[in-house]
Protein chains: 6
Amino acid sequence: MNEKLNIAVFPGSFDPFTIGHESIVNRALPFFDSIIIAIGVNNSKNCLFSLEKRISIIEKVFHENSKISVKSYSELTVNFCKENNSKVIIRGLRTVLDFEIEQTIAHANKNIQKEIETFFLLTLPEHSFISSTVFRDLYEYSADFSKLLPSNISINDLK
Amino acid sequence: MNEKLNIAVFPGSFDPFTIGHESIVNRALPFFDSIIIAIGVNNSKNCLFSLEKRISIIEKVFHENSKISVKSYSELTVNFCKENNSKVIIRGLRTVLDFEIEQTIAHANKNIQKEIETFFLLTLPEHSFISSTVFRDLYEYSADFSKLLPSNISINDLK
Amino acid sequence: MNEKLNIAVFPGSFDPFTIGHESIVNRALPFFDSIIIAIGVNNSKNCLFSLEKRISIIEKVFHENSKISVKSYSELTVNFCKENNSKVIIRGLRTVLDFEIEQTIAHANKNIQKEIETFFLLTLPEHSFISSTVFRDLYEYSADFSKLLPSNISINDLK
Amino acid sequence: MNEKLNIAVFPGSFDPFTIGHESIVNRALPFFDSIIIAIGVNNSKNCLFSLEKRISIIEKVFHENSKISVKSYSELTVNFCKENNSKVIIRGLRTVLDFEIEQTIAHANKNIQKEIETFFLLTLPEHSFISSTVFRDLYEYSADFSKLLPSNISINDLK
Amino acid sequence: MNEKLNIAVFPGSFDPFTIGHESIVNRALPFFDSIIIAIGVNNSKNCLFSLEKRISIIEKVFHENSKISVKSYSELTVNFCKENNSKVIIRGLRTVLDFEIEQTIAHANKNIQKEIETFFLLTLPEHSFISSTVFRDLYEYSADFSKLLPSNISINDLK
Amino acid sequence: MNEKLNIAVFPGSFDPFTIGHESIVNRALPFFDSIIIAIGVNNSKNCLFSLEKRISIIEKVFHENSKISVKSYSELTVNFCKENNSKVIIRGLRTVLDFEIEQTIAHANKNIQKEIETFFLLTLPEHSFISSTVFRDLYEYSADFSKLLPSNISINDLK
């Protein structure tokens, strides 16, 4: 058994946190002692939801699970990991394009902090249609996007 | 801390086990209590090396590491995992084509055994040229393929 | 023979309508009773040409073909289809990237309106170089882009 | 309304016909007067099931649907289409690799018979794990592959 | 001006040499002093045409061009280049899959012979449908494949 | 030996010029009489560094090499080539996405100026993590990006 704690970081913008993100966290959880959901704050990105709203949604999703916490950060992800004693980043992969983008980022991370690894989980087929573009389209046209949200989150929680 | 042992399975044909495979095992090892390197035996596949040779090479690579063991199997990988009390498969990803093939397999595995996950690690850039086709080409033309082998394996070990 | 009318919707921003779009419409036309060319109006997208200009160009291209009409819409494409009694969306595919983006959209559409299908046609090789980025480059540098336009449209029609 | 019959050809080796194939046929059917499921016979390909078995399975799947017929052929697909008065080929797309292979074939077909089109439908997410390789693996290891078969086909039908 | 001769090697199996290959050679030719078309002989590959036939076709295509020669080889391509005082390999790229396969090979070559470079040219759109699989299909079904051959090669030349 | 000068153009935005760009230039150089590094000036693109800064960095990298010059341009790349008596464009390829984007551009260029070719070199594995997105991330968070710069360029040169 490992003597050190196995802490994983799941970084993203989570604008908002969807059922796809929830699934990745729940599937990875049995293999780690804790998971930090880390909201990257990037000034040059236009977000639909405020940081506070995004944090409160994630906290509501996992409020019963003491192994999961939420933090925000505004630095390189690998530096955030180091400060939080984590040696592993969790990422979901949905498409070939995702794979290519993540490959560049993972190689860059490896170059900066050699001891931090990235573990990838593949999005489940039933979540294959969930992308931020699809969410924005549904949101913009006031269409029903409740299917994209974790089960204990309602559309009212996003207001 | 997890109370159950975290056992990972790293399946493949390992014909032969290369420095690329060694790297994946070493990078994944800190996050698991043990890793089983599982050689899939498939009658319809023509292998360059006998099963015995492939086992002995892997045993030599990791002979000092009690957390790593080698087994062969001739059944569905997810069934092998279950029998070995493992809930996680480790796979390396090198190319977009790898990603697509692994995605189909991972979705099929998920369909058969819902509780088993696959974690993917990306091949390091310095191993990006190592494929079974490249190995076979070098081997067929008696070119020097020692750079593709783990550091404590020599060409004589393959004879 | 089908008793209901087979109406297809060909959605896009058509900024502007090119010889590539014209080709998709003409190739799909024999299999449908009518095709609605549907210009999606999206406030967050910067277009080179006004909606009126885009409509007038398409009307000029197909003015002799009573089976083809032009409409604009500002809602989910599948909802537009339903209101227009269409059960099929036509899309062109040119690249692997197109394929991936369209796959997410098609899966999302299927999730919202199960009974609407998307049929994909592959762009002809002779139109493989026609993308909106290429058009914008030629347009910005005042280069000759007449080869990208349908045969009865001249550069003056875009002014 | 079209005056000529709209006949589509759905070609493949169907070794065997899966729930994925059945889904493509059922989704395309509303838009055509009839669909011919066309089993390509290629001497250089090793099939798991005899041509007779493959035909009988497809006939059982669609025995109540007079719009669907089964034929085998041993020539270029576009020539088979012409002889059967069909101007449209239906193909399913599951992966980026599929897309690339189909693009070459579709361009070649277009070069040989300009008037025949290929319409592509995207495999549903719930069938994303169904490939011939996955089927062969399950079959070889005597694992349960009944989930891959159309609902009225049992494992006994394949014997 | 370069003082050393700029010799390029264009390797392949050329089974047979098509209009696609001819185009790559002609497009690269202005930038090199000579091009060696190098037929790789690989015992494990089943070829449609004998080595002698493949050589004679290429010689016929370029018989008037003294800058182009044909050779066969049975060793690593980079070693063949070195023996022929060439420092550059020419390759055509048609698809994403081509790109990935060539990337692995080019990285392996670079690892073996650091001073040899590979220059890639993209297949012209009008040749996008020419693949060895398409040729074999046309050939097997005795269909007309003359469009795939260089202009001064007839079907009789292949007999 | 070629009697005309073989001049290559290496176009890009070079914001900034990285060790990846330097590598492409150095690898291509032996095959050409001279290379023009051509900075495309595009008003709609937000650059991190001024045109003057970008020029001065490239001049510093290659100040000892009389075969290499730097120019800026604001027109179609193929037109710039023509005016500079160049018949070949050099481009680096790193990812599948690069390949697809470059394929469209190369086909468009071919359509405008038939006699100009594009030669592609593949990025070396050790530079696989260098993208403009990665640079911007490191730059934005004031992280150390000196590994991305050519060896004789320091972070101070970018100020």
# chains A, B, ... in the order shown; residues from 1 in each chain; ligands from 1

$ residues_around --residues "B:Ile101" --least-positions-apart "2" --cutoff "10 Å" --atoms "only C-alpha atoms" --output "list in words"
Val96, Leu97, Asp98, Phe99, Gln103, Thr104, Ile105 and Ala106 of chain B; Thr95, Leu97, Phe129, Ser131 and Thr133 of chain D

$ select_by_dssp --residues "chain D" --states "alpha helix (DSSP H)" --output "JSON, numbers by chain"
{"D": [19, 20, 21, 22, 23, 24, 25, 26, 27, 28, 51, 52, 53, 54, 55, 56, 57, 58, 59, 60, 61, 77, 78, 79, 80, 81, 82, 83, 96, 97, 98, 99, 100, 101, 102, 103, 104, 105, 106, 107, 108, 109, 110, 111, 112, 132, 133, 134, 135, 136, 137, 138, 139, 140]}

$ closest_residue --among "C:Gly40, C:Pro16, C:Pro30, C:Pro150" --to "chain A" --atoms "only C-alpha atoms"
C:Gly40

$ closest_atom_pairs --of "chain B" --to "chain A" --cutoff "6 Å" --atoms "only C-alpha atoms" --output "tab-separated table"
residue	atom	partner	partner_atom	distance
B:Met1	CA	A:Asp33	CA	5.3
B:Asp33	CA	A:Met1	CA	5.3
B:Phe119	CA	A:Leu121	CA	5.5
B:Phe120	CA	A:Phe120	CA	4.8
B:Leu121	CA	A:Phe119	CA	5.5

$ select_by_dssp --residues "stretch 3-54 of chain D" --states "strand (DSSP E or B)" --output "JSON, numbers by chain"
{"D": [7, 8, 9, 10, 11, 12, 34, 35, 36, 37, 38, 39, 40]}

$ atom_distance --atom1 "atom CA of D:Lys67" --atom2 "atom CA of C:Glu83"
28.3 Å

$ atom_distance --atom1 "atom CA of B:Glu140" --atom2 "atom CA of E:Glu75"
8.7 Å
